[in-house]
Amino acid sequence: MSENWQTMVKDVCARCGNDRTRMMDIVRLVQQECGCVSGEAMDLIARQVDTHRVEVESVVSFYAFLSNRPKGKIVIRLCNDVIDEMFGARRVAQAFEQQLGIEFGQTTPDGLISLEHTPCIGMCDQAPAALVNDVVVTYLSRDKVGDIVSTLKSDPDPRKLVHKLGDGNNASELVQSMVHNNIRRKGPVIFDPLPNGEALKRCLALSPAEVIRDVKTARLRGRGGAGFPTGMKWEFARAAAGAKKFVICNADEGEPGTFKDRVLLTERADMLFEGMTIAGYAIGSDTGILYLRGEYAYLRAFLEDVLHQRRNAGLLGKAVCGKQGFDFDIRIQMGAGAYICGEETALISSCEGLRGDPKNRPPFPAQKGYLERPTIVNNVETFCCVTRILDRGPAWFAEKGSKGSPGTKLLSVCGDCKQPGVYEVLFGITLAELLKMVGAEDAKAVQVGGPSGQLVGPSDYQRTICYDDLATGGSIMVFGPNRDILPLVDKFMEFFIEETCGYCTPCRVGNVLLRQKLQEIMAGKGEAADLDYLEDLGQSIVTASRCGLGQTSANPILTSLKNFRGEYTSRLIEPEKGMKPTFDIQAAVREAAAIAGRGPAHS
Amino acid sequence: MPMSQTIDFIIDGVEVSARPGQTILQAADEAGIYIPRLCAHKDLVPHGSCRICTVLVNGRPQSACTQPVAPGIVVQNDIEKLNNVRRNILDMLFVEGNHYCMFCEKSGNCELQALAYRFGIMAPKFPYQFPARDVDASHPDIYIDRNRCILCARCIRASRDLDGKHVFEFVGRGPEKRVAVNAEARLADTDVDVTDKALSICPVGALMRKRQGYADPIGRRRYDHQPIGSDIEAKRSATG
C-alpha cells in the first residue's frame, strides 16, 4: 500500500517533468489521488523536484482546496457569500449538519463526506450553490439536502446529483452541468455571432505592431476592473528584452458576485482563445496559459477539448493558420481556491508553483513576469474584446460605449432583482437604467464592483458605469429595501480576512481589527469616536497595503460609512458620564515619557 | 548607463543624489535621512511586507525598500499622514502577537520596541488579539518564540540567501500565516546551526540563541540612549 502510494507520487512528479515550477499541478494531482498531501508526500515531492519540504508545505497550506490532512471521499463546499446567505445558505448548512451528523470543518466517521464553507464560487445568479468535489450543485434549498445526502451515500459519485442539465454548452457531453448561463442581454461585442478563426486571419495579415496599434486605436481597457490600457501593456511586453514571452489569461474570477467569465468560458471559449492567440502574435509569444480558478474545474475537460479542436483546425500549434514563424499554444493551469490569485502578480506566483503571494513591483510583469520573462496578463473578457476588435475593426469598437470607456461591459447582476444573470451593456449606462433592466428599481443599495468596489445608495443611481465613474470588473450586487446594511459589510470584511494572503501587515491585521470594531457597533457597543477609528484605520490599510486586494479591502467599511452613515450612527450609544471617548493616551503619558528620556523624537 | 551617473531627487525637501539601481531607502540611508523600517535589512533582498517604510512618491504610496530611485521624483517621508499610518502599523504588529517587552530578552535591542518609542507609542490603541502561538525550544542552542514573530521574513531570506540553506519558510495564509521550519515540526530536525546568520537578523525576540538573554545590562543596550535611526541621521548632521 505505502509502496503504491510512493510510486504514485513519483509518477505524478515525473509526469510534471520533476519541475518545481509545476508544483500546483503536482500537489493537485497528489491530493486527487490520495485525498490530501501528507507530510510524507511533501518530503517525497521535495526530493523528486529538488526543493525543500517546507516549500511544498508552504504551497499546500496556502490554497483552500489543498490539505495536509485526509478529507472525505466527497467534499461538499457550500458557498457562504453574501448572496448565497440571502437566499438561504444558512438553512441549507444546518440541514447538511443535521443530515450528516457533523459540523462544518468535519468529516463523517466513515470518511465519506466532509463539510466545508467556501467564498463565492461564481454562482450567485443561481444561489445557494455548492461544489461537491468538482460538481456544481445550484438552487439549493433545505428540502433538497436529504436527497443529496442519500444519493451520495448510495453512490459516492457527485455526478449523480445532476438531474437536469443547464442550457447551452452546460449540457454538452464534456460539461454535463446543471449550471445555467442566465444570459439576459446580448450586446454587439461579446454575444454577436463570430466566425471562428476569421479575426485571427485578419490579425496575421497585419504586422504585430499594427495589431497593437489597432488595440490602442480601439482604446480597449482591461475588463478585470483596473482598466489599464490593453494596447499599452502589450507594447511594453513587445518592447521588453528577451526571446521567450508569455500570454496569461486571468480566469480566476473570484470577486464575490461576479460570474460573467464563467459564461464566457462556457459559451465563448473560442473567442477567448483566439484573443490570446492574437496577443501572442502581437507581443511575440509562443505560449499562452489559461489560469482557471479551481471552482471552475467542471469546465476543464470542455476547455481542453476546445483547445484540441483549435489545434486540429490549425488555429493553434506550429505555424498558426499557416503563418510561418508564428507558433502558439495554450495550456490550462488550475488554481486551488485563492481569491488573491486574481491579482496578476499573485496569479503569476501561482503559475510558478509558489504561494499566491503578489510580487513587488517594479519590475512589472510586462518586463519580468512569469519565470522572470515578459508577460501580459489580461482578463477573459478583455481577450474576447480583442477578437472582436480584429473582427470588426478598431473604429467600430471605439465608437461604442462612452468617451473614456469604449465598448461594452459584461455585468453579473445578482441579489434582490427579478432577473439575475449576465448583461452585456454599453459603457455609460446609468445605475438607474440597469436597475430597471434587471427588475430592481426599489433597490436600497448596490454593491458595484464586488466587496473591493463601492456600496452606493439611491443618491448615486444616476451615476454611470464606466472607468471614470462607477468602475466594475462586472460584479453588481443588488440589495432590496428591507436589507440591513451592516451585516452585509460584515460579510464582506469576513471575506477579505479569509482571503488575504497575509504578506503585508495592514491587510493581514488591519482588516481583522476593522471587523472587530464593526461588530462592536453592530452589537450596540459603539460610540461616535469609533467611526473616526474605522476611518483612520481604514485609510491606513488603503495607503499602506501592498497590492490591490489590500488597497481596496477597507472599501466595504469606508464606502458604507460615506453612503450609509445613518446605519452606523443609529446604532451608536452615548458614553457614560465621566468617560471620555476622546481619551488621549499620548497626552496622558507625555510627561512620564519626557522624564524617562523617551519622548517622541520628532514631535 | 555609466556607473558615475547620478539620479537626483528630493526627500522631504532635501536634494539627494543616488546611484542607478538603488532603492529610495538605500539612497535615503546614504544621505542621512532615516526612513523607518522593520522588514528591510541592508544585507537582504527587499521584501516589502511590513509597510512601515511607506513613503509618498509624487503623491503615491510606495514602500521605500522596494521602490527604485528615479530622476526628479518628490518623496515625502516624515509627514504626519505617514507617521500616523506607521503608528497604526506598529500598533497592529503589537496587538497581532504577544509582545511582553518587560521581560523579553530582546528588550532594549528590539527594533519593534525601538520604533514604538521613536513614534511615542506607550500602549497600542488597538485591542490585543492574544493569539495562541507556539514556542519551539527543541534545538539545544536556538529557540523560536512565535509569540514575538512579526512575519518580516528576515530569517527566511537570511537562511536562504546568506546561509545557503532553507531552514525557514512561511506556511498558512492570512491571519494564520506563520514561520515554519524545514522539517516535520521541530527546529531540532533541521540543518540550522548556531552560527547561522539567520539567527542574528531577527528584529524582535522571535528567533534567539539560548543562554544569551539579558547579556547587555540596561543602559548598554542598543537603543537605550538614542532612538532607532539616529545612526543614519548622524551622517547627515555630520556632513552639514
# chains A, B, ... in the order shown; residues from 1 in each chain; ligands from 1
call {"tool": "interface_residues", "arguments": {"of": "chain A", "to": "chain B", "cutoff": "8 Å", "atoms": "only C-alpha atoms", "output": "JSON, numbers by chain"}}
result
{"A": [39, 52, 53, 54, 55, 57, 58, 59, 61, 62, 63, 360, 361, 362, 497, 498, 499, 500, 501, 502, 503, 504, 505, 506, 508, 509, 510, 513, 537, 540, 543, 544, 545, 546, 585, 586, 589, 598, 599, 600, 601, 602]}
call {"tool": "residues_around", "arguments": {"residues": "Phe103 (chain B)", "least_positions_apart": "3", "cutoff": "12 Å", "atoms": "only C-alpha atoms", "output": "ChimeraX atom specification"}}
result
/B:98-100,106-108,205,213-214
call {"tool": "residues_around", "arguments": {"residues": "Phe328 (chain A)", "least_positions_apart": "3", "cutoff": "6 Å", "atoms": "only C-alpha atoms", "output": "mmCIF file with C-alpha atoms, in the first residue's frame"}}
result
data_model
loop_
_atom_site.group_PDB
_atom_site.id
_atom_site.type_symbol
_atom_site.label_atom_id
_atom_site.label_comp_id
_atom_site.auth_asym_id
_atom_site.auth_seq_id
_atom_site.Cartn_x
_atom_site.Cartn_y
_atom_site.Cartn_z
ATOM 1 C CA ASP A 286 4.556 31.226 -28.363
ATOM 2 C CA THR A 287 2.956 30.192 -25.081
ATOM 3 C CA LEU A 316 -3.091 26.723 -32.545
ATOM 4 C CA GLY A 317 0.234 24.927 -32.734
#
call {"tool": "select_by_dssp", "arguments": {"residues": "region 59-163 of chain B", "states": "strand (DSSP E)", "output": "VMD selection string"}}
result
chain B and resid 60 to 63 74 to 76 135 to 136 142 to 145
call {"tool": "write_last_selection", "arguments": {"atoms": "N, CA and C atoms", "output": "PDB file, in the first residue's frame"}}
result
ATOM      1  N   ARG B  60       2.095  59.275  -4.482  1.00  0.00           N
ATOM      2  CA  ARG B  60       1.572  57.899  -4.447  1.00  0.00           C
ATOM      3  C   ARG B  60       2.293  57.057  -3.416  1.00  0.00           C
ATOM      4  N   PRO B  61       1.557  56.309  -2.604  1.00  0.00           N
ATOM      5  CA  PRO B  61       2.229  55.478  -1.597  1.00  0.00           C
ATOM      6  C   PRO B  61       3.058  54.351  -2.243  1.00  0.00           C
ATOM      7  N   GLN B  62       4.282  54.212  -1.791  1.00  0.00           N
ATOM      8  CA  GLN B  62       5.166  53.132  -2.255  1.00  0.00           C
ATOM      9  C   GLN B  62       6.020  52.710  -1.065  1.00  0.00           C
ATOM     10  N   SER B  63       6.449  51.448  -1.048  1.00  0.00           N
ATOM     11  CA  SER B  63       7.387  51.054   0.000  1.00  0.00           C
ATOM     12  C   SER B  63       8.796  51.465  -0.436  1.00  0.00           C
ATOM     13  N   VAL B  74       9.635  63.307  -6.239  1.00  0.00           N
ATOM     14  CA  VAL B  74       9.499  64.027  -4.976  1.00  0.00           C
ATOM     15  C   VAL B  74       8.959  63.045  -3.951  1.00  0.00           C
ATOM     16  N   VAL B  75       9.784  62.786  -2.936  1.00  0.00           N
ATOM     17  CA  VAL B  75       9.427  61.779  -1.933  1.00  0.00           C
ATOM     18  C   VAL B  75       9.073  62.473  -0.623  1.00  0.00           C
ATOM     19  N   GLN B  76       7.917  62.127  -0.096  1.00  0.00           N
ATOM     20  CA  GLN B  76       7.540  62.629   1.230  1.00  0.00           C
ATOM     21  C   GLN B  76       7.660  61.491   2.220  1.00  0.00           C
ATOM     22  N   VAL B 135       5.924  27.877  20.930  1.00  0.00           N
ATOM     23  CA  VAL B 135       7.358  28.084  21.111  1.00  0.00           C
ATOM     24  C   VAL B 135       8.038  26.777  20.720  1.00  0.00           C
ATOM     25  N   ASP B 136       9.100  26.870  19.925  1.00  0.00           N
ATOM     26  CA  ASP B 136       9.859  25.675  19.548  1.00  0.00           C
ATOM     27  C   ASP B 136      11.234  25.774  20.213  1.00  0.00           C
ATOM     28  N   ILE B 142      19.084  26.983  20.140  1.00  0.00           N
ATOM     29  CA  ILE B 142      18.288  28.035  19.488  1.00  0.00           C
ATOM     30  C   ILE B 142      16.815  27.812  19.821  1.00  0.00           C
ATOM     31  N   TYR B 143      16.066  28.851  19.947  1.00  0.00           N
ATOM     32  CA  TYR B 143      14.616  28.660  20.061  1.00  0.00           C
ATOM     33  C   TYR B 143      13.850  29.667  19.219  1.00  0.00           C
ATOM     34  N   ILE B 144      12.642  29.272  18.855  1.00  0.00           N
ATOM     35  CA  ILE B 144      11.723  30.164  18.146  1.00  0.00           C
ATOM     36  C   ILE B 144      10.560  30.450  19.082  1.00  0.00           C
ATOM     37  N   ASP B 145      10.308  31.707  19.343  1.00  0.00           N
ATOM     38  CA  ASP B 145       9.105  32.088  20.088  1.00  0.00           C
ATOM     39  C   ASP B 145       8.186  32.832  19.133  1.00  0.00           C
TER      40      ASP B 145
END
call {"tool": "residues_around", "arguments": {"residues": "region 389-392 of chain A", "least_positions_apart": "4", "cutoff": "12 Å", "atoms": "only C-alpha atoms", "output": "VMD selection string"}}
result
chain A and resid 188 to 190 192 to 206 210 to 220 231 271 274 to 275 277 to 279 282 382 to 385 396 to 400 406 to 408
call {"tool": "residues_around", "arguments": {"residues": "Asp141 (chain B)", "least_positions_apart": "3", "cutoff": "7 Å", "atoms": "only C-alpha atoms", "output": "VMD selection string"}}
result
chain B and resid 194 209 to 210
call {"tool": "atom_distance", "arguments": {"atom1": "CA of Arg186 (chain B)", "atom2": "CA of Ala46 (chain A)"}}
result
17.7 Å
call {"tool": "residues_around", "arguments": {"residues": "Gln462 (chain A)", "least_positions_apart": "3", "cutoff": "9 Å", "atoms": "only C-alpha atoms", "output": "list in words"}}
result
Thr430, Leu431, Ala432, Glu433, Pro458 and Ser459 of chain A
call {"tool": "write_last_selection", "arguments": {"atoms": "C-alpha atoms", "output": "CSV table (one decimal), in the first residue's frame"}}
result
chain,number,residue,atom,x,y,z
A,430,THR,CA,-26.7,54.7,-15.5
A,431,LEU,CA,-27.2,52.5,-12.5
A,432,ALA,CA,-30.9,53.5,-12.6
A,433,GLU,CA,-31.2,52.2,-16.2
A,458,PRO,CA,-30.2,55.8,-4.4
A,459,SER,CA,-28.5,59.2,-4.5
call {"tool": "atom_distance", "arguments": {"atom1": "CA of Cys101 (chain B)", "atom2": "CA of Ala234 (chain B)"}}
result
27.2 Å
call {"tool": "residues_around", "arguments": {"residues": "Phe191 (chain A)", "least_positions_apart": "3", "cutoff": "12 Å", "atoms": "only C-alpha atoms", "output": "list in words"}}
result
Ile183, Arg184, Arg185, Lys186, Gly187, Pro188, Leu194, Pro195, Val263, Leu264, Glu267, Arg268, Ala269, Met271, Glu381, Cys384, Cys385, Thr387, Arg388, Thr408, Lys409, Leu410, Val422, Tyr423, Glu424 and Val425 of chain A
call {"tool": "select_by_dssp", "arguments": {"residues": "region 105-211 of chain B", "states": "alpha helix (DSSP H)", "output": "ChimeraX atom specification"}}
result
/B:111-118,154-157
call {"tool": "closest_residue", "arguments": {"among": "B:Ala206, B:Ser138, B:Arg146, B:Ile7", "to": "Thr190 (chain B)", "atoms": "only C-alpha atoms"}}
result
B:Ser138
call {"tool": "atom_distance", "arguments": {"atom1": "CA of Ile11 (chain B)", "atom2": "CA of Leu549 (chain A)"}}
result
28.3 Å
call {"tool": "decode", "arguments": {"residues": "region 191-233 of chain B", "atoms": "N, CA and C atoms", "output": "PDB file, in the first residue's frame"}}
result
ATOM      1  N   ASP B 191      18.665  21.580   9.515  1.00  0.00           N
ATOM      2  CA  ASP B 191      20.124  21.730   9.484  1.00  0.00           C
ATOM      3  C   ASP B 191      20.543  23.115   9.981  1.00  0.00           C
ATOM      4  N   VAL B 192      19.702  23.733  10.791  1.00  0.00           N
ATOM      5  CA  VAL B 192      20.068  25.039  11.348  1.00  0.00           C
ATOM      6  C   VAL B 192      21.299  24.885  12.237  1.00  0.00           C
ATOM      7  N   ASP B 193      22.124  25.917  12.257  1.00  0.00           N
ATOM      8  CA  ASP B 193      23.313  25.872  13.098  1.00  0.00           C
ATOM      9  C   ASP B 193      23.400  27.167  13.896  1.00  0.00           C
ATOM     10  N   VAL B 194      23.981  27.048  15.069  1.00  0.00           N
ATOM     11  CA  VAL B 194      24.007  28.208  15.957  1.00  0.00           C
ATOM     12  C   VAL B 194      24.823  29.365  15.368  1.00  0.00           C
ATOM     13  N   THR B 195      25.659  29.050  14.384  1.00  0.00           N
ATOM     14  CA  THR B 195      26.443  30.119  13.742  1.00  0.00           C
ATOM     15  C   THR B 195      25.730  30.735  12.532  1.00  0.00           C
ATOM     16  N   ASP B 196      24.547  30.252  12.191  1.00  0.00           N
ATOM     17  CA  ASP B 196      23.837  30.784  11.010  1.00  0.00           C
ATOM     18  C   ASP B 196      23.586  32.288  11.145  1.00  0.00           C
ATOM     19  N   LYS B 197      23.754  32.968  10.037  1.00  0.00           N
ATOM     20  CA  LYS B 197      23.484  34.412  10.029  1.00  0.00           C
ATOM     21  C   LYS B 197      22.006  34.705  10.305  1.00  0.00           C
ATOM     22  N   ALA B 198      21.157  33.760   9.914  1.00  0.00           N
ATOM     23  CA  ALA B 198      19.712  33.956  10.098  1.00  0.00           C
ATOM     24  C   ALA B 198      19.357  34.214  11.553  1.00  0.00           C
ATOM     25  N   LEU B 199      20.192  33.728  12.464  1.00  0.00           N
ATOM     26  CA  LEU B 199      19.836  33.813  13.879  1.00  0.00           C
ATOM     27  C   LEU B 199      20.059  35.200  14.460  1.00  0.00           C
ATOM     28  N   SER B 200      20.945  35.967  13.869  1.00  0.00           N
ATOM     29  CA  SER B 200      21.223  37.279  14.457  1.00  0.00           C
ATOM     30  C   SER B 200      20.478  38.399  13.742  1.00  0.00           C
ATOM     31  N   ILE B 201      19.583  38.038  12.853  1.00  0.00           N
ATOM     32  CA  ILE B 201      18.990  39.047  11.986  1.00  0.00           C
ATOM     33  C   ILE B 201      17.543  39.357  12.350  1.00  0.00           C
ATOM     34  N   CYS B 202      17.014  38.597  13.302  1.00  0.00           N
ATOM     35  CA  CYS B 202      15.624  38.806  13.726  1.00  0.00           C
ATOM     36  C   CYS B 202      15.513  40.173  14.418  1.00  0.00           C
ATOM     37  N   PRO B 203      14.567  41.012  13.966  1.00  0.00           N
ATOM     38  CA  PRO B 203      14.474  42.358  14.564  1.00  0.00           C
ATOM     39  C   PRO B 203      13.837  42.338  15.950  1.00  0.00           C
ATOM     40  N   VAL B 204      13.153  41.232  16.254  1.00  0.00           N
ATOM     41  CA  VAL B 204      12.450  41.116  17.537  1.00  0.00           C
ATOM     42  C   VAL B 204      12.988  39.897  18.287  1.00  0.00           C
ATOM     43  N   GLY B 205      12.295  39.448  19.264  1.00  0.00           N
ATOM     44  CA  GLY B 205      12.783  38.333  20.068  1.00  0.00           C
ATOM     45  C   GLY B 205      12.195  36.998  19.676  1.00  0.00           C
ATOM     46  N   ALA B 206      11.968  36.801  18.361  1.00  0.00           N
ATOM     47  CA  ALA B 206      11.306  35.572  17.931  1.00  0.00           C
ATOM     48  C   ALA B 206      12.293  34.437  17.666  1.00  0.00           C
ATOM     49  N   LEU B 207      13.458  34.782  17.182  1.00  0.00           N
ATOM     50  CA  LEU B 207      14.452  33.766  16.857  1.00  0.00           C
ATOM     51  C   LEU B 207      15.699  34.101  17.661  1.00  0.00           C
ATOM     52  N   MET B 208      15.985  33.281  18.659  1.00  0.00           N
ATOM     53  CA  MET B 208      17.008  33.663  19.638  1.00  0.00           C
ATOM     54  C   MET B 208      17.960  32.507  19.924  1.00  0.00           C
ATOM     55  N   ARG B 209      19.192  32.868  20.268  1.00  0.00           N
ATOM     56  CA  ARG B 209      20.130  31.876  20.767  1.00  0.00           C
ATOM     57  C   ARG B 209      19.853  31.667  22.251  1.00  0.00           C
ATOM     58  N   LYS B 210      19.935  30.424  22.670  1.00  0.00           N
ATOM     59  CA  LYS B 210      19.679  30.137  24.083  1.00  0.00           C
ATOM     60  C   LYS B 210      20.846  30.600  24.964  1.00  0.00           C
ATOM     61  N   ARG B 211      20.553  30.810  26.224  1.00  0.00           N
ATOM     62  CA  ARG B 211      21.556  31.131  27.260  1.00  0.00           C
ATOM     63  C   ARG B 211      22.307  32.437  26.979  1.00  0.00           C
ATOM     64  N   GLN B 212      21.684  33.328  26.215  1.00  0.00           N
ATOM     65  CA  GLN B 212      22.352  34.610  25.979  1.00  0.00           C
ATOM     66  C   GLN B 212      21.463  35.791  26.324  1.00  0.00           C
ATOM     67  N   GLY B 213      20.349  35.506  26.991  1.00  0.00           N
ATOM     68  CA  GLY B 213      19.410  36.564  27.307  1.00  0.00           C
ATOM     69  C   GLY B 213      19.975  37.556  28.305  1.00  0.00           C
ATOM     70  N   TYR B 214      19.543  38.778  28.190  1.00  0.00           N
ATOM     71  CA  TYR B 214      19.897  39.853  29.127  1.00  0.00           C
ATOM     72  C   TYR B 214      21.418  40.035  29.244  1.00  0.00           C
ATOM     73  N   ALA B 215      22.152  39.749  28.175  1.00  0.00           N
ATOM     74  CA  ALA B 215      23.611  39.878  28.227  1.00  0.00           C
ATOM     75  C   ALA B 215      24.025  41.338  28.428  1.00  0.00           C
ATOM     76  N   ASP B 216      23.283  42.250  27.797  1.00  0.00           N
ATOM     77  CA  ASP B 216      23.620  43.670  27.954  1.00  0.00           C
ATOM     78  C   ASP B 216      22.794  44.255  29.088  1.00  0.00           C
ATOM     79  N   PRO B 217      23.437  44.849  30.066  1.00  0.00           N
ATOM     80  CA  PRO B 217      22.668  45.474  31.141  1.00  0.00           C
ATOM     81  C   PRO B 217      21.934  46.714  30.634  1.00  0.00           C
ATOM     82  N   ILE B 218      20.878  47.056  31.308  1.00  0.00           N
ATOM     83  CA  ILE B 218      20.140  48.259  30.946  1.00  0.00           C
ATOM     84  C   ILE B 218      21.091  49.439  31.014  1.00  0.00           C
ATOM     85  N   GLY B 219      21.049  50.243  29.959  1.00  0.00           N
ATOM     86  CA  GLY B 219      21.985  51.356  29.879  1.00  0.00           C
ATOM     87  C   GLY B 219      23.039  51.092  28.806  1.00  0.00           C
ATOM     88  N   ARG B 220      23.250  49.793  28.500  1.00  0.00           N
ATOM     89  CA  ARG B 220      24.235  49.481  27.450  1.00  0.00           C
ATOM     90  C   ARG B 220      23.587  48.786  26.253  1.00  0.00           C
ATOM     91  N   ARG B 221      22.248  48.795  26.248  1.00  0.00           N
ATOM     92  CA  ARG B 221      21.566  48.154  25.134  1.00  0.00           C
ATOM     93  C   ARG B 221      21.502  49.122  23.953  1.00  0.00           C
ATOM     94  N   ARG B 222      21.249  48.557  22.803  1.00  0.00           N
ATOM     95  CA  ARG B 222      21.407  49.310  21.566  1.00  0.00           C
ATOM     96  C   ARG B 222      20.598  50.607  21.527  1.00  0.00           C
ATOM     97  N   TYR B 223      19.373  50.534  22.008  1.00  0.00           N
ATOM     98  CA  TYR B 223      18.503  51.708  21.866  1.00  0.00           C
ATOM     99  C   TYR B 223      18.247  52.404  23.199  1.00  0.00           C
ATOM    100  N   ASP B 224      19.147  52.203  24.168  1.00  0.00           N
ATOM    101  CA  ASP B 224      18.910  52.806  25.478  1.00  0.00           C
ATOM    102  C   ASP B 224      19.064  54.325  25.481  1.00  0.00           C
ATOM    103  N   HIS B 225      19.942  54.827  24.617  1.00  0.00           N
ATOM    104  CA  HIS B 225      20.237  56.255  24.709  1.00  0.00           C
ATOM    105  C   HIS B 225      19.725  57.071  23.537  1.00  0.00           C
ATOM    106  N   GLN B 226      19.667  56.428  22.388  1.00  0.00           N
ATOM    107  CA  GLN B 226      19.242  57.176  21.209  1.00  0.00           C
ATOM    108  C   GLN B 226      18.172  56.406  20.463  1.00  0.00           C
ATOM    109  N   PRO B 227      17.224  57.132  19.886  1.00  0.00           N
ATOM    110  CA  PRO B 227      16.170  56.432  19.157  1.00  0.00           C
ATOM    111  C   PRO B 227      16.728  55.670  17.954  1.00  0.00           C
ATOM    112  N   ILE B 228      15.998  54.664  17.552  1.00  0.00           N
ATOM    113  CA  ILE B 228      16.372  53.914  16.349  1.00  0.00           C
ATOM    114  C   ILE B 228      16.419  54.884  15.167  1.00  0.00           C
ATOM    115  N   GLY B 229      17.410  54.718  14.316  1.00  0.00           N
ATOM    116  CA  GLY B 229      17.554  55.611  13.162  1.00  0.00           C
ATOM    117  C   GLY B 229      18.548  56.733  13.405  1.00  0.00           C
ATOM    118  N   SER B 230      18.969  56.907  14.660  1.00  0.00           N
ATOM    119  CA  SER B 230      19.880  58.013  14.971  1.00  0.00           C
ATOM    120  C   SER B 230      21.214  57.846  14.254  1.00  0.00           C
ATOM    121  N   ASP B 231      21.657  56.585  14.088  1.00  0.00           N
ATOM    122  CA  ASP B 231      22.929  56.351  13.399  1.00  0.00           C
ATOM    123  C   ASP B 231      22.866  56.872  11.969  1.00  0.00           C
ATOM    124  N   ILE B 232      21.723  56.658  11.334  1.00  0.00           N
ATOM    125  CA  ILE B 232      21.575  57.134   9.956  1.00  0.00           C
ATOM    126  C   ILE B 232      21.504  58.653   9.930  1.00  0.00           C
ATOM    127  N   GLU B 233      20.728  59.214  10.832  1.00  0.00           N
ATOM    128  CA  GLU B 233      20.575  60.668  10.858  1.00  0.00           C
ATOM    129  C   GLU B 233      21.884  61.377  11.228  1.00  0.00           C
TER     130      GLU B 233
END
